[in-house]
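Enquirer: One file is attached below, model.txt, containing compact mmCIF, C-alpha atoms and all ligand atoms.
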```txt
# COMPACT_ATOMS: atom_id res chain seq x y z
CA MET G 1 -22.78 -10.75 7.78
CA ALA G 2 -19.75 -8.52 7.44
CA PRO G 3 -20.54 -4.93 6.43
CA VAL G 4 -19.67 -3.89 2.92
CA PRO G 5 -18.09 -0.45 2.48
CA SER G 6 -19.83 1.87 0.04
CA ASP G 7 -16.45 3.12 -1.11
CA LEU G 8 -14.54 0.46 -3.02
CA ARG G 9 -11.57 2.61 -4.01
CA PRO G 10 -8.24 0.85 -3.43
CA VAL G 11 -6.49 1.72 -0.17
CA VAL G 12 -2.79 2.52 -0.43
CA ILE G 13 -0.96 1.98 2.86
CA SER G 14 2.47 3.56 3.15
CA GLY G 15 4.90 4.51 5.89
CA PRO G 16 8.44 3.85 7.00
CA SER G 17 9.85 0.35 7.12
CA GLY G 18 9.11 -1.27 10.47
CA VAL G 19 6.15 0.96 11.32
CA GLY G 20 3.65 -1.90 11.15
CA LYS G 21 2.13 -1.64 7.65
CA GLY G 22 2.40 -5.37 7.01
CA THR G 23 0.92 -6.15 10.42
CA LEU G 24 -2.11 -3.90 9.82
CA TYR G 25 -2.53 -5.13 6.27
CA LYS G 26 -2.53 -8.76 7.44
CA LEU G 27 -5.18 -7.96 10.05
CA LEU G 28 -7.47 -6.43 7.40
CA LEU G 29 -7.18 -9.57 5.27
CA GLU G 30 -7.59 -11.92 8.23
CA ARG G 31 -10.64 -10.16 9.64
CA HIS G 32 -12.39 -9.57 6.30
CA PRO G 33 -11.05 -12.24 3.95
CA SER G 34 -13.82 -11.98 1.40
CA LEU G 35 -13.75 -8.19 1.25
CA PHE G 36 -10.11 -7.17 1.08
CA ALA G 37 -7.74 -8.34 -1.60
CA THR G 38 -4.09 -7.91 -2.39
CA SER G 39 -2.97 -7.14 -5.88
CA VAL G 40 -0.49 -9.71 -7.18
CA SER G 41 2.48 -7.83 -8.64
CA HIS G 42 4.41 -8.50 -11.82
CA THR G 43 8.14 -9.12 -11.52
CA THR G 44 11.12 -9.92 -13.70
CA ARG G 45 12.79 -11.94 -10.97
CA SER G 46 12.67 -15.73 -11.02
CA PRO G 47 10.31 -17.57 -8.71
CA ARG G 48 11.84 -18.73 -5.43
CA PRO G 49 11.25 -22.33 -4.38
CA GLY G 50 7.63 -22.75 -3.33
CA GLU G 51 6.39 -19.55 -4.99
CA LYS G 52 3.48 -19.85 -7.40
CA GLU G 53 2.66 -17.96 -10.59
CA GLY G 54 -0.38 -15.75 -10.04
CA VAL G 55 -0.25 -16.24 -6.27
CA ASP G 56 3.07 -14.68 -5.21
CA TYR G 57 3.77 -12.83 -8.46
CA TYR G 58 3.19 -12.89 -12.18
CA TYR G 59 6.64 -13.75 -13.50
CA ILE G 60 7.48 -12.01 -16.77
CA SER G 61 10.57 -11.28 -18.87
CA MET G 62 12.30 -7.90 -18.97
CA ALA G 63 10.99 -7.39 -22.53
CA GLU G 64 7.41 -8.06 -21.37
CA PHE G 65 7.92 -5.73 -18.42
CA GLU G 66 9.17 -2.95 -20.67
CA LYS G 67 6.24 -3.49 -23.03
CA MET G 68 3.84 -3.10 -20.09
CA ILE G 69 5.54 0.17 -19.12
CA ALA G 70 5.27 1.41 -22.70
CA ASP G 71 1.57 0.45 -22.72
CA ASN G 72 1.06 2.37 -19.48
CA ALA G 73 -0.18 -0.84 -17.88
CA PHE G 74 1.32 -0.21 -14.43
CA VAL G 75 0.04 2.15 -11.75
CA GLU G 76 3.49 2.03 -10.24
CA ASN G 77 6.71 0.18 -10.85
CA ALA G 78 10.10 0.06 -9.21
CA LYS G 79 13.54 -1.43 -9.52
CA PHE G 80 15.21 -3.26 -6.64
CA GLY G 81 18.68 -4.46 -7.52
CA ASP G 82 18.48 -5.96 -11.01
CA ASN G 83 14.81 -6.82 -10.72
CA ARG G 84 11.71 -4.89 -11.68
CA TYR G 85 8.40 -4.97 -9.86
CA GLY G 86 5.10 -3.42 -10.89
CA THR G 87 1.43 -3.22 -9.93
CA SER G 88 -0.82 -3.68 -12.91
CA LYS G 89 -3.79 -1.42 -13.49
CA MET G 90 -5.86 -4.28 -14.87
CA THR G 91 -5.27 -6.48 -11.82
CA ILE G 92 -6.56 -3.70 -9.57
CA GLU G 93 -9.50 -2.84 -11.82
CA ASN G 94 -10.65 -6.46 -12.08
CA LEU G 95 -10.58 -6.93 -8.30
CA THR G 96 -12.46 -3.67 -7.74
CA LYS G 97 -15.07 -4.68 -10.34
CA SER G 98 -15.58 -7.94 -8.45
CA GLY G 99 -16.54 -5.95 -5.35
CA ARG G 100 -13.26 -6.24 -3.45
CA VAL G 101 -11.34 -3.43 -1.78
CA VAL G 102 -7.74 -3.69 -2.96
CA VAL G 103 -5.16 -2.94 -0.28
CA LEU G 104 -1.70 -1.94 -1.48
CA ASP G 105 1.42 -1.69 0.68
CA ILE G 106 3.56 0.76 -1.29
CA GLU G 107 6.65 2.87 -0.61
CA MET G 108 6.78 6.63 -1.16
CA GLU G 109 7.89 6.71 -4.80
CA GLY G 110 5.12 4.26 -5.66
CA VAL G 111 2.59 6.43 -3.83
CA LYS G 112 3.62 9.40 -5.97
CA GLN G 113 3.25 7.31 -9.13
CA ILE G 114 -0.22 6.06 -8.15
CA LYS G 115 -1.32 9.63 -7.53
CA LYS G 116 -0.42 10.44 -11.14
CA SER G 117 -2.12 7.31 -12.50
CA SER G 118 -5.71 6.89 -13.61
CA ILE G 119 -6.52 4.78 -10.53
CA GLU G 120 -8.53 6.66 -7.94
CA ALA G 121 -7.23 5.51 -4.58
CA ARG G 122 -7.29 6.45 -0.90
CA PHE G 123 -3.96 7.08 0.78
CA VAL G 124 -3.23 6.15 4.39
CA PHE G 125 0.11 6.88 6.01
CA ILE G 126 1.18 4.86 9.04
CA SER G 127 3.40 6.87 11.34
CA PRO G 128 5.51 5.62 14.26
CA PRO G 129 4.93 7.18 17.70
CA SER G 130 8.60 8.26 17.55
CA MET G 131 11.73 7.49 15.57
CA SER G 132 13.22 5.62 18.53
CA ILE G 133 10.18 3.34 18.69
CA LEU G 134 10.48 2.76 14.95
CA GLU G 135 14.10 1.76 15.44
CA SER G 136 13.25 -0.65 18.24
CA ARG G 137 10.50 -2.26 16.12
CA LEU G 138 12.89 -2.73 13.23
CA ARG G 139 15.45 -4.28 15.55
CA GLY G 140 12.81 -6.30 17.41
CA ARG G 141 11.57 -7.84 14.16
CA GLY G 142 15.00 -9.43 13.85
CA THR G 143 14.90 -9.61 10.05
CA GLU G 144 17.44 -6.92 9.23
CA LYS G 145 21.23 -6.60 9.43
CA GLU G 146 22.65 -3.39 10.94
CA GLU G 147 23.39 -1.87 7.52
CA SER G 148 19.85 -2.49 6.37
CA ILE G 149 18.44 -1.00 9.60
CA GLN G 150 20.48 2.18 9.05
CA LYS G 151 19.32 2.42 5.42
CA ARG G 152 15.67 1.96 6.43
CA LEU G 153 15.96 4.60 9.17
CA ALA G 154 17.49 7.09 6.74
CA GLN G 155 14.70 6.40 4.23
CA ALA G 156 12.18 6.74 7.08
CA GLU G 157 13.16 10.41 7.40
CA ASN G 158 12.21 10.93 3.73
CA GLU G 159 8.90 9.10 4.20
CA MET G 160 8.11 11.22 7.28
CA ALA G 161 8.97 14.47 5.46
CA TYR G 162 6.73 13.49 2.53
CA SER G 163 3.86 12.65 4.90
CA LYS G 164 3.97 16.26 6.10
CA THR G 165 3.45 17.75 2.62
CA PRO G 166 -0.11 19.01 2.13
CA ASN G 167 -2.61 16.50 0.69
CA ALA G 168 -0.04 13.71 0.47
CA HIS G 169 -2.38 11.37 2.36
CA ASP G 170 -6.08 11.21 3.22
CA LEU G 171 -5.36 9.89 6.70
CA ILE G 172 -2.35 9.60 8.99
CA ILE G 173 -2.53 6.93 11.68
CA VAL G 174 -0.01 6.81 14.51
CA ASN G 175 0.61 3.13 15.16
CA ASP G 176 1.09 3.18 18.91
CA ASP G 177 -1.49 0.73 20.24
CA LEU G 178 -1.94 -1.79 17.43
CA GLU G 179 -5.64 -2.52 17.98
CA LYS G 180 -6.46 1.20 18.10
CA ALA G 181 -4.48 1.82 14.91
CA TYR G 182 -6.35 -1.08 13.28
CA GLN G 183 -9.74 0.29 14.35
CA ASP G 184 -8.84 3.74 12.94
CA LEU G 185 -7.83 2.16 9.65
CA GLU G 186 -10.93 -0.01 9.42
CA SER G 187 -13.34 2.80 10.22
CA PHE G 188 -11.69 5.03 7.62
CA ILE G 189 -12.14 2.33 4.99
CA PHE G 190 -15.78 1.75 5.93
CA LYS G 191 -16.59 5.47 6.08
CA LYS G 192 -19.20 6.54 3.58
CA ARG G 193 -17.89 8.77 0.84
CA THR G 194 -19.84 12.02 0.84
CA GLN G 195 -21.26 13.54 -2.32
CA ASP G 196 -19.03 16.57 -1.83
CA GLN G 197 -15.98 14.35 -1.78
CA GLU G 198 -17.14 12.55 -4.89
CA ALA G 199 -17.75 15.82 -6.70
CA GLY G 200 -14.40 17.23 -5.50
CA ASP G 201 -12.51 14.12 -6.52
CA ALA G 202 -14.25 13.99 -9.87
CA SER G 203 -13.56 17.62 -10.68
CA SER G 204 -9.92 17.35 -9.63
CA ALA G 205 -9.55 14.20 -11.69
CA GLY G 206 -11.29 15.83 -14.63
CA VAL G 207 -13.93 13.12 -15.00
CA SER G 208 -17.69 13.06 -14.54
CA VAL G 209 -19.41 11.33 -11.67
CA GLN G 210 -21.45 8.29 -12.58
CA ASP G 211 -24.12 6.86 -10.31
N1 LIG G 301 1.50 -1.09 17.41
C1 LIG G 301 2.58 -1.87 17.53
N2 LIG G 301 3.18 -1.99 18.72
C2 LIG G 301 4.29 -2.75 18.87
N3 LIG G 301 4.87 -3.46 17.87
C3 LIG G 301 4.32 -3.37 16.65
C4 LIG G 301 3.14 -2.58 16.41
N4 LIG G 301 2.82 -2.70 15.09
C5 LIG G 301 3.75 -3.51 14.55
N5 LIG G 301 4.64 -3.94 15.47
C6 LIG G 301 5.81 -4.81 15.27
O1 LIG G 301 6.79 -4.02 14.59
C7 LIG G 301 7.54 -4.83 13.67
C8 LIG G 301 7.46 -4.21 12.29
O2 LIG G 301 6.14 -4.37 11.77
P1 LIG G 301 5.88 -4.72 10.21
O3 LIG G 301 6.77 -5.83 9.79
O4 LIG G 301 4.41 -4.89 10.08
O5 LIG G 301 6.37 -3.33 9.55
P2 LIG G 301 6.29 -2.83 8.02
O6 LIG G 301 5.89 -1.40 8.09
O7 LIG G 301 5.42 -3.74 7.23
O8 LIG G 301 7.80 -2.95 7.56
P3 LIG G 301 8.42 -3.18 6.05
O9 LIG G 301 8.06 -1.97 5.25
O10 LIG G 301 9.89 -3.28 6.30
O11 LIG G 301 7.82 -4.45 5.52
C9 LIG G 301 6.96 -6.25 13.74
O12 LIG G 301 7.79 -7.04 14.56
C10 LIG G 301 5.56 -6.02 14.36
O13 LIG G 301 5.13 -7.15 15.09
```
Written as structure tokens, that's how I'd like the structure from this file.
Expert:
Amino acid sequence: MAPVPSDLRPVVISGPSGVGKGTLYKLLLERHPSLFATSVSHTTRSPRPGEKEGVDYYYISMAEFEKMIADNAFVENAKFGDNRYGTSKMTIENLTKSGRVVVLDIEMEGVKQIKKSSIEARFVFISPPSMSILESRLRGRGTEKEESIQKRLAQAENEMAYSKTPNAHDLIIVNDDLEKAYQDLESFIFKKRTQDQEAGDASSAGVSVQD
């Protein structure tokens, strides 16, 4: 039987575009399908052909989205073009209550928002071995036009700078050898949370620890 981690806090994976977040995330879900779960986001954009409500996204109107923001129902939300995207607190809480570890692939602004939210999460930053390797991965993936590659590389500098600020992340993994990076990620997730950490987290969050 697959081991069950004692620490069910959601895991937020961030890092520059092209570093391998999606690849690592997919491996977690493939290797432990009944343990890890993704949180289905809410969006104001229309479904694309083949997409399913509640599987790819929850599709809602702009008015509903704004109501959810007003109700503080999102742990993070963002705007891309004319569309809004958000991760709902309740979706995460329900998955966690059902014994799953929620894995979130989130960019830097979202990470900052989650840190301010009521959700207690663990933050893992995936770093490239070098900026030139990051660039060759982005190019090698073959999904991006030149302009988009340049934008992503510029944003990568911001992500890297943020990763160097104290306490931004609980763990930084350099994704050089993929299997090694995966093993580092998995063992971090399965690591037992010490009582000191629990007490420290609880006092910094201003809540009491419950057994
Ligand atoms: N350790 C590794 N060694 C070599 N190639 C890798 C490694 N990890 C990932 N890759 C490759 O790098 C490319 C980018 O990976 P991936 O799409 O997972 O990045 P990402 O961080 O999820 O990017 P985005 O934020 O844009 O979605 C892919 O082609 C992937 O196969």
Enquirer: Just give me the gap between CA of Ser127 (chain G) and CA of Glu107 (chain G) in Å, one decimal is fine.
Expert: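 Going from CA of Ser127 (chain G) over to CA of Glu107 (chain G) covers 13.0 Å.
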Enquirer: What does the distance between CA of Ala156 (chain G) and CA of Ser17 (chain G) come to in Å, to one decimal place?
Expert: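 Interatomic distance here is 6.8 Å.
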Enquirer: From the list G:Gln183, G:Ser88, G:Asn83, G:Gln113, which residue is nearest ligand LIG 301 (chain G) when using all atoms listed in the file?
Expert: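 Among G:Gln183, G:Ser88, G:Asn83, G:Gln113, it is G:Gln183 that comes nearest to ligand LIG 301 (chain G).
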Enquirer: Which protein, DNA or RNA residues have an atom within 6 Å of ligand LIG 301 (chain G), counting all atoms listed in the file, as a list in words?
Expert: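 Protein and nucleic-acid residues within 6 Å of ligand LIG 301 (chain G): Pro16, Ser17, Gly18, Val19, Gly20, Lys21, Gly22, Thr23, Arg137, Leu138, Gly140, Arg141, Asn175, Asp176, Asp177 and Leu178 of chain G.
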Enquirer: Pick the closest to Ser6 (chain G) from G:Ile119, G:Ile189, G:Ile106, G:Val55: which is it, counting only C-alpha atoms?
Expert: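 Looking only at the distances to Ser6 (chain G), the closest residue turns out to be G:Ile189.
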Enquirer: Compute the distance from (12.0, -13.6, -12.9) to each atom, counting only C-alpha atoms, keep the residues with any atom at most 12 Å away, and return them as a list of chain:residue names; use the coordinates of the file.
Expert: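 Residues found, by chain and rising number: G:Ser41, G:His42, G:Thr43, G:Thr44, G:Arg45, G:Ser46, G:Pro47, G:Arg48, G:Glu51, G:Lys52, G:Glu53, G:Asp56, G:Tyr57, G:Tyr58, G:Tyr59, G:Ile60, G:Ser61, G:Met62, G:Ala63, G:Glu64, G:Phe65, G:Asp82, G:Asn83, G:Arg84, G:Tyr85.
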Enquirer: Which is closest to Asn72 (chain G) among G:Ile173, G:Val4, G:Ile114, G:Val40, if we use only C-alpha atoms?
Expert: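 Result for the nearest residue to Asn72 (chain G): G:Ile114.
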Enquirer: Would you kindly return, as a PyMOL selection string, each protein, DNA or RNA residue with an atom no farther than 9 Å from any atom of Thr87 (chain G), considering all atoms listed in the file and excluding same-chain residues fewer than 2 positions away?
Expert: chain G and resi 39-42+73-77+85+89-92
Enquirer: Next, write the just-selected residues to a file, as a PDB file, keeping the file's coordinate frame, keeping C-alpha atoms as the atom set.
Expert:
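Written out: result35.pdb:
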```
ATOM      1  CA  SER G  39      -2.970  -7.140  -5.880  1.00  0.00           C
ATOM      2  CA  VAL G  40      -0.490  -9.710  -7.180  1.00  0.00           C
ATOM      3  CA  SER G  41       2.480  -7.830  -8.640  1.00  0.00           C
ATOM      4  CA  HIS G  42       4.410  -8.500 -11.820  1.00  0.00           C
ATOM      5  CA  ALA G  73      -0.180  -0.840 -17.880  1.00  0.00           C
ATOM      6  CA  PHE G  74       1.320  -0.210 -14.430  1.00  0.00           C
ATOM      7  CA  VAL G  75       0.040   2.150 -11.750  1.00  0.00           C
ATOM      8  CA  GLU G  76       3.490   2.030 -10.240  1.00  0.00           C
ATOM      9  CA  ASN G  77       6.710   0.180 -10.850  1.00  0.00           C
ATOM     10  CA  TYR G  85       8.400  -4.970  -9.860  1.00  0.00           C
ATOM     11  CA  LYS G  89      -3.790  -1.420 -13.490  1.00  0.00           C
ATOM     12  CA  MET G  90      -5.860  -4.280 -14.870  1.00  0.00           C
ATOM     13  CA  THR G  91      -5.270  -6.480 -11.820  1.00  0.00           C
ATOM     14  CA  ILE G  92      -6.560  -3.700  -9.570  1.00  0.00           C
TER      15      ILE G  92
END
```
Enquirer: Please report the interatomic distance between CA of Glu109 (chain G) and CA of Glu135 (chain G) in Å with one decimal.
Expert: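 Separating CA of Glu109 (chain G) from CA of Glu135 (chain G) is a distance of 21.7 Å.
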Enquirer: Find, counting all atoms listed in the file, the residue in G:Arg193, G:Arg31, G:His169, G:Lys26 that gets nearest to Lys115 (chain G).
Expert: G:His169
Enquirer: Looking at G:Ala70, G:Ile13, G:Leu8, G:Val102, which one is nearest to Ala37 (chain G), with distances taken over all atoms listed in the file?
Expert: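 Of G:Ala70, G:Ile13, G:Leu8, G:Val102, the one nearest Ala37 (chain G) is G:Val102, counting all atoms listed in the file.
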Enquirer: Ranking G:Ser98, G:Leu171, G:Glu120, G:Pro166 by minimum distance to Glu186 (chain G) and counting all atoms listed in the file, which one comes first?
Expert: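 Using all atoms listed in the file, the shortest distance to Glu186 (chain G) belongs to G:Leu171.
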Enquirer: As AutoDock Vina command-line options, what would the box around region 102-113 of chain G look like: edges along x, y and z, 5 Å added on every side, centre and edge lengths in Å to one decimal?
Expert:
```
--center_x 0.1 --center_y 2.9 --center_z -4.2 --size_x 25.6 --size_y 23.1 --size_z 19.8
```
Enquirer: Take the structure in the block and write a file for region 133-159 of chain G, N, CA and C atoms, as a PDB file, in the first residue's frame.
Expert:
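Saved the output as out.pdb:
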```
ATOM      1  N   ILE G 133      19.844  27.011 -19.319  1.00  0.00           N
ATOM      2  CA  ILE G 133      19.127  25.722 -19.403  1.00  0.00           C
ATOM      3  C   ILE G 133      17.619  25.973 -19.409  1.00  0.00           C
ATOM      4  N   LEU G 134      17.191  26.956 -18.622  1.00  0.00           N
ATOM      5  CA  LEU G 134      15.757  27.300 -18.619  1.00  0.00           C
ATOM      6  C   LEU G 134      15.327  27.701 -20.030  1.00  0.00           C
ATOM      7  N   GLU G 135      16.139  28.545 -20.653  1.00  0.00           N
ATOM      8  CA  GLU G 135      15.817  29.003 -22.005  1.00  0.00           C
ATOM      9  C   GLU G 135      15.751  27.826 -22.974  1.00  0.00           C
ATOM     10  N   SER G 136      16.693  26.893 -22.846  1.00  0.00           N
ATOM     11  CA  SER G 136      16.666  25.787 -23.817  1.00  0.00           C
ATOM     12  C   SER G 136      15.483  24.854 -23.543  1.00  0.00           C
ATOM     13  N   ARG G 137      15.040  24.749 -22.293  1.00  0.00           N
ATOM     14  CA  ARG G 137      13.833  23.936 -22.022  1.00  0.00           C
ATOM     15  C   ARG G 137      12.590  24.584 -22.617  1.00  0.00           C
ATOM     16  N   LEU G 138      12.523  25.907 -22.439  1.00  0.00           N
ATOM     17  CA  LEU G 138      11.359  26.623 -22.991  1.00  0.00           C
ATOM     18  C   LEU G 138      11.318  26.466 -24.505  1.00  0.00           C
ATOM     19  N   ARG G 139      12.478  26.604 -25.136  1.00  0.00           N
ATOM     20  CA  ARG G 139      12.535  26.454 -26.596  1.00  0.00           C
ATOM     21  C   ARG G 139      12.262  25.008 -26.988  1.00  0.00           C
ATOM     22  N   GLY G 140      12.850  24.081 -26.230  1.00  0.00           N
ATOM     23  CA  GLY G 140      12.721  22.650 -26.550  1.00  0.00           C
ATOM     24  C   GLY G 140      11.278  22.180 -26.444  1.00  0.00           C
ATOM     25  N   ARG G 141      10.498  22.802 -25.562  1.00  0.00           N
ATOM     26  CA  ARG G 141       9.104  22.393 -25.399  1.00  0.00           C
ATOM     27  C   ARG G 141       8.314  22.685 -26.673  1.00  0.00           C
ATOM     28  N   GLY G 142       8.758  23.709 -27.396  1.00  0.00           N
ATOM     29  CA  GLY G 142       8.164  23.997 -28.703  1.00  0.00           C
ATOM     30  C   GLY G 142       6.740  24.523 -28.651  1.00  0.00           C
ATOM     31  N   THR G 143       6.324  25.061 -27.492  1.00  0.00           N
ATOM     32  CA  THR G 143       4.947  25.541 -27.381  1.00  0.00           C
ATOM     33  C   THR G 143       4.852  27.059 -27.495  1.00  0.00           C
ATOM     34  N   GLU G 144       5.998  27.720 -27.460  1.00  0.00           N
ATOM     35  CA  GLU G 144       5.987  29.187 -27.333  1.00  0.00           C
ATOM     36  C   GLU G 144       6.564  29.887 -28.556  1.00  0.00           C
ATOM     37  N   LYS G 145       5.985  31.045 -28.903  1.00  0.00           N
ATOM     38  CA  LYS G 145       6.576  31.890 -29.949  1.00  0.00           C
ATOM     39  C   LYS G 145       7.708  32.690 -29.309  1.00  0.00           C
ATOM     40  N   GLU G 146       8.583  33.258 -30.142  1.00  0.00           N
ATOM     41  CA  GLU G 146       9.744  33.997 -29.625  1.00  0.00           C
ATOM     42  C   GLU G 146       9.341  35.074 -28.609  1.00  0.00           C
ATOM     43  N   GLU G 147       8.277  35.821 -28.921  1.00  0.00           N
ATOM     44  CA  GLU G 147       7.865  36.917 -28.034  1.00  0.00           C
ATOM     45  C   GLU G 147       7.481  36.377 -26.657  1.00  0.00           C
ATOM     46  N   SER G 148       6.784  35.262 -26.675  1.00  0.00           N
ATOM     47  CA  SER G 148       6.350  34.650 -25.425  1.00  0.00           C
ATOM     48  C   SER G 148       7.549  34.104 -24.645  1.00  0.00           C
ATOM     49  N   ILE G 149       8.538  33.566 -25.357  1.00  0.00           N
ATOM     50  CA  ILE G 149       9.751  33.064 -24.683  1.00  0.00           C
ATOM     51  C   ILE G 149      10.449  34.229 -23.979  1.00  0.00           C
ATOM     52  N   GLN G 150      10.577  35.359 -24.677  1.00  0.00           N
ATOM     53  CA  GLN G 150      11.253  36.521 -24.088  1.00  0.00           C
ATOM     54  C   GLN G 150      10.501  37.029 -22.854  1.00  0.00           C
ATOM     55  N   LYS G 151       9.168  37.058 -22.938  1.00  0.00           N
ATOM     56  CA  LYS G 151       8.349  37.501 -21.802  1.00  0.00           C
ATOM     57  C   LYS G 151       8.555  36.575 -20.606  1.00  0.00           C
ATOM     58  N   ARG G 152       8.538  35.267 -20.868  1.00  0.00           N
ATOM     59  CA  ARG G 152       8.678  34.277 -19.796  1.00  0.00           C
ATOM     60  C   ARG G 152      10.063  34.356 -19.153  1.00  0.00           C
ATOM     61  N   LEU G 153      11.097  34.625 -19.984  1.00  0.00           N
ATOM     62  CA  LEU G 153      12.448  34.725 -19.426  1.00  0.00           C
ATOM     63  C   LEU G 153      12.585  35.978 -18.564  1.00  0.00           C
ATOM     64  N   ALA G 154      11.929  37.065 -18.992  1.00  0.00           N
ATOM     65  CA  ALA G 154      11.986  38.297 -18.194  1.00  0.00           C
ATOM     66  C   ALA G 154      11.273  38.065 -16.853  1.00  0.00           C
ATOM     67  N   GLN G 155      10.112  37.408 -16.917  1.00  0.00           N
ATOM     68  CA  GLN G 155       9.368  37.120 -15.684  1.00  0.00           C
ATOM     69  C   GLN G 155      10.141  36.129 -14.795  1.00  0.00           C
ATOM     70  N   ALA G 156      10.927  35.259 -15.437  1.00  0.00           N
ATOM     71  CA  ALA G 156      11.727  34.286 -14.683  1.00  0.00           C
ATOM     72  C   ALA G 156      12.700  35.000 -13.741  1.00  0.00           C
ATOM     73  N   GLU G 157      13.225  36.142 -14.191  1.00  0.00           N
ATOM     74  CA  GLU G 157      14.154  36.900 -13.333  1.00  0.00           C
ATOM     75  C   GLU G 157      13.431  37.349 -12.061  1.00  0.00           C
ATOM     76  N   ASN G 158      12.175  37.777 -12.202  1.00  0.00           N
ATOM     77  CA  ASN G 158      11.389  38.200 -11.026  1.00  0.00           C
ATOM     78  C   ASN G 158      11.137  37.019 -10.094  1.00  0.00           C
ATOM     79  N   GLU G 159      10.780  35.878 -10.697  1.00  0.00           N
ATOM     80  CA  GLU G 159      10.511  34.678  -9.880  1.00  0.00           C
ATOM     81  C   GLU G 159      11.783  34.278  -9.109  1.00  0.00           C
TER      82      GLU G 159
END
```
